[in-house]
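These notes are about the structure you will find just below.
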Amino acid sequence: MLQSTPSNRTRPAASPVAQDDGPVAQGREFTWTNADFARIKALIYKKAGISLHDGKHAMVYSRVSRRLRETGHTSFASYLDWLEQHDGDEWQEFINALTTNLTSFFREQHHFDILRDLLAAHRTQPWRIWCSAASTGEEPYSLAMTCHEVLGANGNFHIVNSDIDTKVLATAARGVYKAENIKGLSQERLQRFFMRGKGANAGMVRVKPELQKHMEFMTINLIHELPLREPFDVVFCRNVMIYFDGPTQRQVLERIHRVMKPGGMLFVGHAENFSDARSLFALRGKTVYERI
């Protein structure tokens with residue numbers, strides 16, 4: 001255990017502010033400095049476009065310290081030196097550690113109501129939808145359920161689901177959840193779209209194949225050129241841009257614009273506003289934009 005020096009015994013133990021000469025507080029497993037935070041901040045911005053502000057010291061320490069334990073490093077400096085000298089799988093683990101995944105089925109219900117109306121107005125056309133922050137799958141399967149309910153079991157729709165975090169994306173592709181985590185869904189949807197586990201799988205549910213057959217999963221980093229060719233009618237990119245600074249937001253919006261059909265609809269998070277991108281998208285409802 002790290003011991004306090006006389007100079008830091010007077011600091012509040014819960015202070016989130018790092019010091020250049022030692023740990024934030026007595027009892028931390030690893031020394032944590034402003035220099036460590038600055039390096040991590042620069043690396044995650046370069047690799048994923050995520051812009052960390054100074055209030056994220058505690059979060060970053062907690063998440064990246066797990067990587068130190070996993071890789072056997074005894075300091076952030078040692079881990080980061082090693083990371084920058086290698087081009088292997090640990091970079092993905094580093095990115096996974098610093099991405100935030102907060103999701104639920106039919107989150108921001110008004111978006112699904114708008115999507116339902118869009119689908120109903122053009123039932124016979126083929127629909128291509130991109131869920132660009134799929135996380136653990138609740139949003140993708142909410143989209144699939146909506147499409148299935150409006151277009152029918154044989155509806156012509158295809159949903160591409162992506163995320164930068166490979167671990168949550170694997171969970172989404174499996175489509176298996178604890179029954180207690182889907183209590184917000186109606187009994188009708190539970191019976192129609194999920195299979196209940198038995199025996200060793202009791203307490204778990206799995207998405208039915210009739211939904212999963214419409215789904216495609218792929219890892220995509222939004223700050224890189226998008227590996228998508230056929231244009232989309234609908235894009236869900238919700239609560240992603242809040243982690244980017246202004247220039248990065250603009251670059252990502254331009255990439256999204258290029259893979260959408262003219263007139264396609266972009267759904268974003270409740271705290272996101274793209275009034276500075278009027279040449280790309282026009283506001284058509286509450287956090288819903290039309291591709292120009």
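Residues in the structure tokens are numbered from 1 in each chain, the chains being A, B, ... in the order shown, and ligands are numbered from 1 in the order shown.
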Among region 21-174 of chain A, which residues does DSSP mark as strand (DSSP E or B) when it is run on the backbone? Keep the chain and numbering as in the structure and answer as an mmCIF file with C-alpha atoms, in the first residue's frame.
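Just written: out17.cif:
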```
data_model
loop_
_atom_site.group_PDB
_atom_site.id
_atom_site.type_symbol
_atom_site.label_atom_id
_atom_site.label_comp_id
_atom_site.auth_asym_id
_atom_site.auth_seq_id
_atom_site.Cartn_x
_atom_site.Cartn_y
_atom_site.Cartn_z
ATOM 1 C CA GLY A 22 2.443 11.284 -6.238
ATOM 2 C CA TRP A 127 -34.840 -0.357 -45.635
ATOM 3 C CA ARG A 128 -31.189 -0.007 -44.668
ATOM 4 C CA ILE A 129 -30.556 1.179 -41.125
ATOM 5 C CA TRP A 130 -27.259 1.813 -39.359
ATOM 6 C CA CYS A 131 -27.014 1.765 -35.581
ATOM 7 C CA PHE A 157 -34.992 -4.462 -43.774
ATOM 8 C CA HIS A 158 -31.324 -4.814 -42.926
ATOM 9 C CA ILE A 159 -29.680 -3.295 -39.855
ATOM 10 C CA VAL A 160 -25.919 -2.737 -39.666
ATOM 11 C CA ASN A 161 -24.813 -2.446 -36.037
ATOM 12 C CA SER A 162 -21.410 -1.121 -35.093
ATOM 13 C CA ASP A 163 -19.399 -0.004 -32.106
#
```
With DSSP run on the backbone, what are the helix (DSSP H, G or I) residues within region 52-258 of chain A? I'd like them as an mmCIF file with N, CA and C atoms, in the first residue's frame.
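Saved to selection.cif:
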```cif
data_model
loop_
_atom_site.group_PDB
_atom_site.id
_atom_site.type_symbol
_atom_site.label_atom_id
_atom_site.label_comp_id
_atom_site.auth_asym_id
_atom_site.auth_seq_id
_atom_site.Cartn_x
_atom_site.Cartn_y
_atom_site.Cartn_z
ATOM 1 N N ASP A 54 -11.085 17.492 -17.514
ATOM 2 C CA ASP A 54 -10.342 17.262 -16.281
ATOM 3 C C ASP A 54 -11.170 16.611 -15.181
ATOM 4 N N GLY A 55 -12.488 16.663 -15.293
ATOM 5 C CA GLY A 55 -13.336 16.025 -14.293
ATOM 6 C C GLY A 55 -13.366 14.515 -14.396
ATOM 7 N N LYS A 56 -12.649 13.948 -15.363
ATOM 8 C CA LYS A 56 -12.673 12.503 -15.599
ATOM 9 C C LYS A 56 -11.484 11.765 -14.975
ATOM 10 N N HIS A 57 -10.724 12.453 -14.114
ATOM 11 C CA HIS A 57 -9.555 11.814 -13.501
ATOM 12 C C HIS A 57 -9.917 10.495 -12.815
ATOM 13 N N ALA A 58 -10.931 10.519 -11.958
ATOM 14 C CA ALA A 58 -11.277 9.329 -11.179
ATOM 15 C C ALA A 58 -11.726 8.188 -12.083
ATOM 16 N N MET A 59 -12.542 8.510 -13.087
ATOM 17 C CA MET A 59 -13.025 7.493 -14.014
ATOM 18 C C MET A 59 -11.875 6.869 -14.785
ATOM 19 N N VAL A 60 -10.979 7.696 -15.291
ATOM 20 C CA VAL A 60 -9.854 7.199 -16.085
ATOM 21 C C VAL A 60 -8.931 6.343 -15.220
ATOM 22 N N TYR A 61 -8.647 6.805 -14.006
ATOM 23 C CA TYR A 61 -7.806 6.000 -13.106
ATOM 24 C C TYR A 61 -8.423 4.620 -12.889
ATOM 25 N N SER A 62 -9.707 4.599 -12.562
ATOM 26 C CA SER A 62 -10.377 3.336 -12.260
ATOM 27 C C SER A 62 -10.348 2.364 -13.437
ATOM 28 N N ARG A 63 -10.634 2.869 -14.618
ATOM 29 C CA ARG A 63 -10.738 1.983 -15.777
ATOM 30 C C ARG A 63 -9.385 1.524 -16.310
ATOM 31 N N VAL A 64 -8.432 2.437 -16.372
ATOM 32 C CA VAL A 64 -7.135 2.059 -16.935
ATOM 33 C C VAL A 64 -6.315 1.257 -15.933
ATOM 34 N N SER A 65 -6.551 1.449 -14.648
ATOM 35 C CA SER A 65 -5.818 0.657 -13.660
ATOM 36 C C SER A 65 -6.118 -0.834 -13.824
ATOM 37 N N ARG A 66 -7.315 -1.153 -14.333
ATOM 38 C CA ARG A 66 -7.630 -2.567 -14.599
ATOM 39 C C ARG A 66 -6.705 -3.142 -15.674
ATOM 40 N N ARG A 67 -6.347 -2.293 -16.635
ATOM 41 C CA ARG A 67 -5.431 -2.758 -17.686
ATOM 42 C C ARG A 67 -4.030 -2.987 -17.110
ATOM 43 N N LEU A 68 -3.633 -2.162 -16.133
ATOM 44 C CA LEU A 68 -2.332 -2.373 -15.492
ATOM 45 C C LEU A 68 -2.316 -3.733 -14.806
ATOM 46 N N ARG A 69 -3.398 -4.056 -14.096
ATOM 47 C CA ARG A 69 -3.449 -5.351 -13.411
ATOM 48 C C ARG A 69 -3.420 -6.496 -14.416
ATOM 49 N N GLU A 70 -4.186 -6.359 -15.499
ATOM 50 C CA GLU A 70 -4.268 -7.428 -16.501
ATOM 51 C C GLU A 70 -2.915 -7.664 -17.192
ATOM 52 N N THR A 71 -2.176 -6.592 -17.413
ATOM 53 C CA THR A 71 -0.914 -6.701 -18.157
ATOM 54 C C THR A 71 0.310 -6.803 -17.253
ATOM 55 N N PHE A 76 1.380 3.588 -14.338
ATOM 56 C CA PHE A 76 0.767 4.053 -15.581
ATOM 57 C C PHE A 76 1.844 4.391 -16.609
ATOM 58 N N ALA A 77 2.939 4.981 -16.163
ATOM 59 C CA ALA A 77 4.021 5.346 -17.080
ATOM 60 C C ALA A 77 4.569 4.105 -17.778
ATOM 61 N N SER A 78 4.778 3.049 -17.008
ATOM 62 C CA SER A 78 5.288 1.808 -17.585
ATOM 63 C C SER A 78 4.298 1.225 -18.595
ATOM 64 N N TYR A 79 3.035 1.193 -18.217
ATOM 65 C CA TYR A 79 1.993 0.651 -19.116
ATOM 66 C C TYR A 79 1.901 1.469 -20.403
ATOM 67 N N LEU A 80 1.880 2.778 -20.280
ATOM 68 C CA LEU A 80 1.717 3.637 -21.459
ATOM 69 C C LEU A 80 2.962 3.582 -22.345
ATOM 70 N N ASP A 81 4.150 3.504 -21.737
ATOM 71 C CA ASP A 81 5.370 3.342 -22.538
ATOM 72 C C ASP A 81 5.285 2.061 -23.364
ATOM 73 N N TRP A 82 4.889 0.976 -22.705
ATOM 74 C CA TRP A 82 4.771 -0.321 -23.380
ATOM 75 C C TRP A 82 3.698 -0.277 -24.472
ATOM 76 N N LEU A 83 2.572 0.351 -24.164
ATOM 77 C CA LEU A 83 1.481 0.437 -25.130
ATOM 78 C C LEU A 83 1.929 1.164 -26.397
ATOM 79 N N GLU A 84 2.626 2.270 -26.231
ATOM 80 C CA GLU A 84 3.043 3.060 -27.384
ATOM 81 C C GLU A 84 4.133 2.370 -28.205
ATOM 82 N N GLU A 90 -3.722 -4.941 -27.301
ATOM 83 C CA GLU A 90 -3.939 -4.135 -26.098
ATOM 84 C C GLU A 90 -4.495 -2.754 -26.430
ATOM 85 N N TRP A 91 -4.221 -2.262 -27.637
ATOM 86 C CA TRP A 91 -4.806 -0.967 -28.024
ATOM 87 C C TRP A 91 -6.331 -1.044 -27.997
ATOM 88 N N GLN A 92 -6.881 -2.162 -28.478
ATOM 89 C CA GLN A 92 -8.335 -2.314 -28.454
ATOM 90 C C GLN A 92 -8.848 -2.403 -27.015
ATOM 91 N N GLU A 93 -8.099 -3.093 -26.162
ATOM 92 C CA GLU A 93 -8.493 -3.178 -24.753
ATOM 93 C C GLU A 93 -8.458 -1.798 -24.095
ATOM 94 N N PHE A 94 -7.465 -1.000 -24.455
ATOM 95 C CA PHE A 94 -7.347 0.362 -23.937
ATOM 96 C C PHE A 94 -8.565 1.191 -24.353
ATOM 97 N N ILE A 95 -8.946 1.088 -25.625
ATOM 98 C CA ILE A 95 -10.114 1.814 -26.118
ATOM 99 C C ILE A 95 -11.375 1.313 -25.433
ATOM 100 N N ASN A 96 -11.512 -0.020 -25.338
ATOM 101 C CA ASN A 96 -12.686 -0.592 -24.680
ATOM 102 C C ASN A 96 -12.832 -0.064 -23.253
ATOM 103 N N ALA A 97 -11.701 0.066 -22.562
ATOM 104 C CA ALA A 97 -11.729 0.499 -21.163
ATOM 105 C C ALA A 97 -12.260 1.915 -21.008
ATOM 106 N N LEU A 98 -12.053 2.750 -22.012
ATOM 107 C CA LEU A 98 -12.392 4.167 -21.879
ATOM 108 C C LEU A 98 -13.673 4.571 -22.613
ATOM 109 N N GLN A 109 -38.122 6.877 -26.359
ATOM 110 C CA GLN A 109 -39.196 6.236 -27.095
ATOM 111 C C GLN A 109 -39.674 7.043 -28.298
ATOM 112 N N HIS A 110 -39.620 8.365 -28.213
ATOM 113 C CA HIS A 110 -40.159 9.185 -29.320
ATOM 114 C C HIS A 110 -39.416 8.917 -30.626
ATOM 115 N N HIS A 111 -38.158 8.529 -30.555
ATOM 116 C CA HIS A 111 -37.422 8.201 -31.782
ATOM 117 C C HIS A 111 -38.006 6.972 -32.468
ATOM 118 N N PHE A 112 -38.410 6.007 -31.694
ATOM 119 C CA PHE A 112 -38.979 4.791 -32.273
ATOM 120 C C PHE A 112 -40.389 5.040 -32.810
ATOM 121 N N ASP A 113 -41.084 5.985 -32.205
ATOM 122 C CA ASP A 113 -42.393 6.379 -32.745
ATOM 123 C C ASP A 113 -42.228 7.041 -34.112
ATOM 124 N N ILE A 114 -41.221 7.900 -34.243
ATOM 125 C CA ILE A 114 -40.959 8.558 -35.524
ATOM 126 C C ILE A 114 -40.524 7.531 -36.562
ATOM 127 N N LEU A 115 -39.647 6.608 -36.154
ATOM 128 C CA LEU A 115 -39.212 5.555 -37.073
ATOM 129 C C LEU A 115 -40.400 4.719 -37.531
ATOM 130 N N ARG A 116 -41.290 4.407 -36.617
ATOM 131 C CA ARG A 116 -42.475 3.622 -36.960
ATOM 132 C C ARG A 116 -43.292 4.320 -38.053
ATOM 133 N N ASP A 117 -43.458 5.621 -37.913
ATOM 134 C CA ASP A 117 -44.216 6.381 -38.917
ATOM 135 C C ASP A 117 -43.497 6.378 -40.263
ATOM 136 N N LEU A 118 -42.173 6.501 -40.241
ATOM 137 C CA LEU A 118 -41.399 6.472 -41.481
ATOM 138 C C LEU A 118 -41.564 5.133 -42.199
ATOM 139 N N LEU A 119 -41.448 4.063 -41.450
ATOM 140 C CA LEU A 119 -41.577 2.734 -42.023
ATOM 141 C C LEU A 119 -42.978 2.500 -42.586
ATOM 142 N N ALA A 120 -43.977 2.942 -41.837
ATOM 143 C CA ALA A 120 -45.363 2.722 -42.255
ATOM 144 C C ALA A 120 -45.695 3.474 -43.542
ATOM 145 N N ALA A 121 -45.020 4.615 -43.754
ATOM 146 C CA ALA A 121 -45.301 5.422 -44.949
ATOM 147 C C ALA A 121 -44.696 4.805 -46.210
ATOM 148 N N GLU A 138 -29.165 -3.442 -26.970
ATOM 149 C CA GLU A 138 -30.541 -3.056 -26.670
ATOM 150 C C GLU A 138 -31.118 -2.138 -27.736
ATOM 151 N N GLU A 139 -30.332 -1.179 -28.209
ATOM 152 C CA GLU A 139 -30.815 -0.282 -29.258
ATOM 153 C C GLU A 139 -31.010 -1.008 -30.594
ATOM 154 N N PRO A 140 -30.042 -1.813 -31.055
ATOM 155 C CA PRO A 140 -30.251 -2.548 -32.303
ATOM 156 C C PRO A 140 -31.499 -3.416 -32.300
ATOM 157 N N TYR A 141 -31.727 -4.144 -31.206
ATOM 158 C CA TYR A 141 -32.897 -5.023 -31.182
ATOM 159 C C TYR A 141 -34.198 -4.237 -31.019
ATOM 160 N N SER A 142 -34.132 -3.060 -30.418
ATOM 161 C CA SER A 142 -35.309 -2.189 -30.392
ATOM 162 C C SER A 142 -35.656 -1.749 -31.811
ATOM 163 N N LEU A 143 -34.625 -1.433 -32.603
ATOM 164 C CA LEU A 143 -34.842 -1.079 -34.005
ATOM 165 C C LEU A 143 -35.437 -2.260 -34.767
ATOM 166 N N ALA A 144 -34.881 -3.446 -34.540
ATOM 167 C CA ALA A 144 -35.357 -4.630 -35.248
ATOM 168 C C ALA A 144 -36.798 -4.965 -34.877
ATOM 169 N N MET A 145 -37.135 -4.845 -33.601
ATOM 170 C CA MET A 145 -38.514 -5.109 -33.184
ATOM 171 C C MET A 145 -39.476 -4.130 -33.840
ATOM 172 N N THR A 146 -39.075 -2.863 -33.903
ATOM 173 C CA THR A 146 -39.924 -1.842 -34.536
ATOM 174 C C THR A 146 -40.134 -2.172 -36.002
ATOM 175 N N CYS A 147 -39.061 -2.516 -36.704
ATOM 176 C CA CYS A 147 -39.177 -2.868 -38.123
ATOM 177 C C CYS A 147 -40.064 -4.091 -38.315
ATOM 178 N N HIS A 148 -39.885 -5.095 -37.477
ATOM 179 C CA HIS A 148 -40.661 -6.330 -37.576
ATOM 180 C C HIS A 148 -42.141 -6.051 -37.356
ATOM 181 N N GLU A 149 -42.442 -5.209 -36.371
ATOM 182 C CA GLU A 149 -43.837 -4.915 -36.048
ATOM 183 C C GLU A 149 -44.539 -4.146 -37.160
ATOM 184 N N VAL A 150 -43.812 -3.273 -37.833
ATOM 185 C CA VAL A 150 -44.424 -2.458 -38.890
ATOM 186 C C VAL A 150 -44.394 -3.177 -40.237
ATOM 187 N N LEU A 151 -43.275 -3.794 -40.582
ATOM 188 C CA LEU A 151 -43.084 -4.368 -41.915
ATOM 189 C C LEU A 151 -43.437 -5.846 -41.998
ATOM 190 N N THR A 166 -15.203 -3.641 -28.837
ATOM 191 C CA THR A 166 -15.402 -5.002 -29.336
ATOM 192 C C THR A 166 -16.114 -5.904 -28.331
ATOM 193 N N LYS A 167 -15.951 -5.650 -27.042
ATOM 194 C CA LYS A 167 -16.565 -6.516 -26.036
ATOM 195 C C LYS A 167 -18.076 -6.330 -26.001
ATOM 196 N N VAL A 168 -18.539 -5.093 -25.985
ATOM 197 C CA VAL A 168 -19.988 -4.891 -25.955
ATOM 198 C C VAL A 168 -20.618 -5.326 -27.271
ATOM 199 N N LEU A 169 -19.888 -5.163 -28.365
ATOM 200 C CA LEU A 169 -20.418 -5.572 -29.667
ATOM 201 C C LEU A 169 -20.605 -7.089 -29.719
ATOM 202 N N ALA A 170 -19.702 -7.829 -29.105
ATOM 203 C CA ALA A 170 -19.843 -9.286 -29.046
ATOM 204 C C ALA A 170 -21.095 -9.672 -28.256
ATOM 205 N N THR A 171 -21.367 -8.947 -27.188
ATOM 206 C CA THR A 171 -22.589 -9.182 -26.417
ATOM 207 C C THR A 171 -23.818 -8.906 -27.268
ATOM 208 N N ALA A 172 -23.781 -7.829 -28.030
ATOM 209 C CA ALA A 172 -24.901 -7.494 -28.904
ATOM 210 C C ALA A 172 -25.140 -8.589 -29.937
ATOM 211 N N ALA A 173 -24.075 -9.092 -30.533
ATOM 212 C CA ALA A 173 -24.211 -10.128 -31.560
ATOM 213 C C ALA A 173 -24.782 -11.417 -30.981
ATOM 214 N N ARG A 174 -24.439 -11.738 -29.738
ATOM 215 C CA ARG A 174 -24.984 -12.947 -29.107
ATOM 216 C C ARG A 174 -26.473 -12.813 -28.855
ATOM 217 N N ALA A 179 -32.883 -12.035 -17.785
ATOM 218 C CA ALA A 179 -34.311 -11.731 -17.856
ATOM 219 C C ALA A 179 -34.651 -10.480 -17.046
ATOM 220 N N GLU A 180 -33.938 -10.280 -15.946
ATOM 221 C CA GLU A 180 -34.231 -9.122 -15.093
ATOM 222 C C GLU A 180 -33.884 -7.803 -15.768
ATOM 223 N N ASN A 181 -33.018 -7.857 -16.811
ATOM 224 C CA ASN A 181 -32.605 -6.631 -17.497
ATOM 225 C C ASN A 181 -33.536 -6.236 -18.639
ATOM 226 N N ILE A 182 -34.558 -7.028 -18.916
ATOM 227 C CA ILE A 182 -35.475 -6.686 -20.007
ATOM 228 C C ILE A 182 -36.909 -6.536 -19.505
ATOM 229 N N GLN A 187 -45.025 -7.799 -22.181
ATOM 230 C CA GLN A 187 -45.131 -9.254 -22.241
ATOM 231 C C GLN A 187 -45.295 -9.721 -23.681
ATOM 232 N N GLU A 188 -46.021 -8.940 -24.477
ATOM 233 C CA GLU A 188 -46.234 -9.309 -25.875
ATOM 234 C C GLU A 188 -44.909 -9.359 -26.628
ATOM 235 N N ARG A 189 -44.046 -8.371 -26.414
ATOM 236 C CA ARG A 189 -42.737 -8.354 -27.075
ATOM 237 C C ARG A 189 -41.827 -9.451 -26.539
ATOM 238 N N LEU A 190 -41.889 -9.692 -25.246
ATOM 239 C CA LEU A 190 -41.071 -10.752 -24.665
ATOM 240 C C LEU A 190 -41.416 -12.103 -25.281
ATOM 241 N N GLN A 191 -42.694 -12.366 -25.424
ATOM 242 C CA GLN A 191 -43.132 -13.649 -25.978
ATOM 243 C C GLN A 191 -42.856 -13.741 -27.471
ATOM 244 N N ARG A 192 -42.974 -12.617 -28.151
ATOM 245 C CA ARG A 192 -42.840 -12.616 -29.609
ATOM 246 C C ARG A 192 -41.397 -12.677 -30.077
ATOM 247 N N PHE A 193 -40.493 -12.022 -29.341
ATOM 248 C CA PHE A 193 -39.138 -11.836 -29.857
ATOM 249 C C PHE A 193 -38.028 -12.509 -29.049
ATOM 250 N N GLY A 199 -33.008 -24.832 -17.622
ATOM 251 C CA GLY A 199 -31.902 -25.546 -16.997
ATOM 252 C C GLY A 199 -30.783 -24.613 -16.589
ATOM 253 N N ALA A 200 -29.582 -24.866 -17.104
ATOM 254 C CA ALA A 200 -28.423 -24.048 -16.754
ATOM 255 C C ALA A 200 -28.571 -22.613 -17.237
ATOM 256 N N ASN A 201 -29.457 -22.389 -18.224
ATOM 257 C CA ASN A 201 -29.669 -21.046 -18.772
ATOM 258 C C ASN A 201 -30.904 -20.364 -18.195
ATOM 259 N N PRO A 209 -34.204 -16.007 -33.695
ATOM 260 C CA PRO A 209 -33.533 -15.940 -35.003
ATOM 261 C C PRO A 209 -34.260 -15.050 -36.007
ATOM 262 N N GLU A 210 -35.587 -14.939 -35.902
ATOM 263 C CA GLU A 210 -36.328 -14.133 -36.873
ATOM 264 C C GLU A 210 -35.955 -12.658 -36.805
ATOM 265 N N LEU A 211 -35.432 -12.217 -35.656
ATOM 266 C CA LEU A 211 -34.903 -10.853 -35.559
ATOM 267 C C LEU A 211 -33.439 -10.819 -35.980
ATOM 268 N N GLN A 212 -32.676 -11.784 -35.492
ATOM 269 C CA GLN A 212 -31.231 -11.759 -35.737
ATOM 270 C C GLN A 212 -30.872 -11.924 -37.212
ATOM 271 N N MET A 241 -21.766 11.889 -30.132
ATOM 272 C CA MET A 241 -21.078 13.151 -30.425
ATOM 273 C C MET A 241 -20.704 13.934 -29.172
ATOM 274 N N ILE A 242 -21.380 13.660 -28.070
ATOM 275 C CA ILE A 242 -21.058 14.386 -26.831
ATOM 276 C C ILE A 242 -19.643 14.078 -26.344
ATOM 277 N N TYR A 243 -19.050 13.012 -26.842
ATOM 278 C CA TYR A 243 -17.697 12.653 -26.424
ATOM 279 C C TYR A 243 -16.631 13.234 -27.352
ATOM 280 N N GLY A 246 -15.604 19.884 -31.144
ATOM 281 C CA GLY A 246 -16.260 20.438 -32.317
ATOM 282 C C GLY A 246 -15.700 19.968 -33.650
ATOM 283 N N PRO A 247 -14.393 20.072 -33.872
ATOM 284 C CA PRO A 247 -13.826 19.634 -35.153
ATOM 285 C C PRO A 247 -14.065 18.151 -35.428
ATOM 286 N N THR A 248 -13.958 17.324 -34.393
ATOM 287 C CA THR A 248 -14.199 15.894 -34.585
ATOM 288 C C THR A 248 -15.662 15.627 -34.907
ATOM 289 N N GLN A 249 -16.568 16.327 -34.237
ATOM 290 C CA GLN A 249 -17.991 16.196 -34.544
ATOM 291 C C GLN A 249 -18.256 16.475 -36.010
ATOM 292 N N ARG A 250 -17.688 17.548 -36.511
ATOM 293 C CA ARG A 250 -17.905 17.926 -37.906
ATOM 294 C C ARG A 250 -17.392 16.835 -38.855
ATOM 295 N N GLN A 251 -16.213 16.305 -38.572
ATOM 296 C CA GLN A 251 -15.642 15.262 -39.430
ATOM 297 C C GLN A 251 -16.521 14.013 -39.422
ATOM 298 N N VAL A 252 -17.017 13.635 -38.248
ATOM 299 C CA VAL A 252 -17.868 12.451 -38.156
ATOM 300 C C VAL A 252 -19.195 12.684 -38.885
ATOM 301 N N LEU A 253 -19.775 13.864 -38.734
ATOM 302 C CA LEU A 253 -21.024 14.176 -39.437
ATOM 303 C C LEU A 253 -20.837 14.117 -40.952
ATOM 304 N N GLU A 254 -19.700 14.579 -41.425
ATOM 305 C CA GLU A 254 -19.435 14.526 -42.865
ATOM 306 C C GLU A 254 -19.332 13.075 -43.344
ATOM 307 N N ARG A 255 -18.717 12.217 -42.529
ATOM 308 C CA ARG A 255 -18.620 10.802 -42.899
ATOM 309 C C ARG A 255 -20.007 10.152 -42.915
ATOM 310 N N ILE A 256 -20.819 10.465 -41.910
ATOM 311 C CA ILE A 256 -22.174 9.918 -41.859
ATOM 312 C C ILE A 256 -22.984 10.409 -43.048
ATOM 313 N N HIS A 257 -22.842 11.677 -43.373
ATOM 314 C CA HIS A 257 -23.551 12.274 -44.503
ATOM 315 C C HIS A 257 -23.248 11.512 -45.792
ATOM 316 N N ARG A 258 -22.000 11.103 -45.961
ATOM 317 C CA ARG A 258 -21.590 10.436 -47.194
ATOM 318 C C ARG A 258 -22.189 9.035 -47.341
#
```
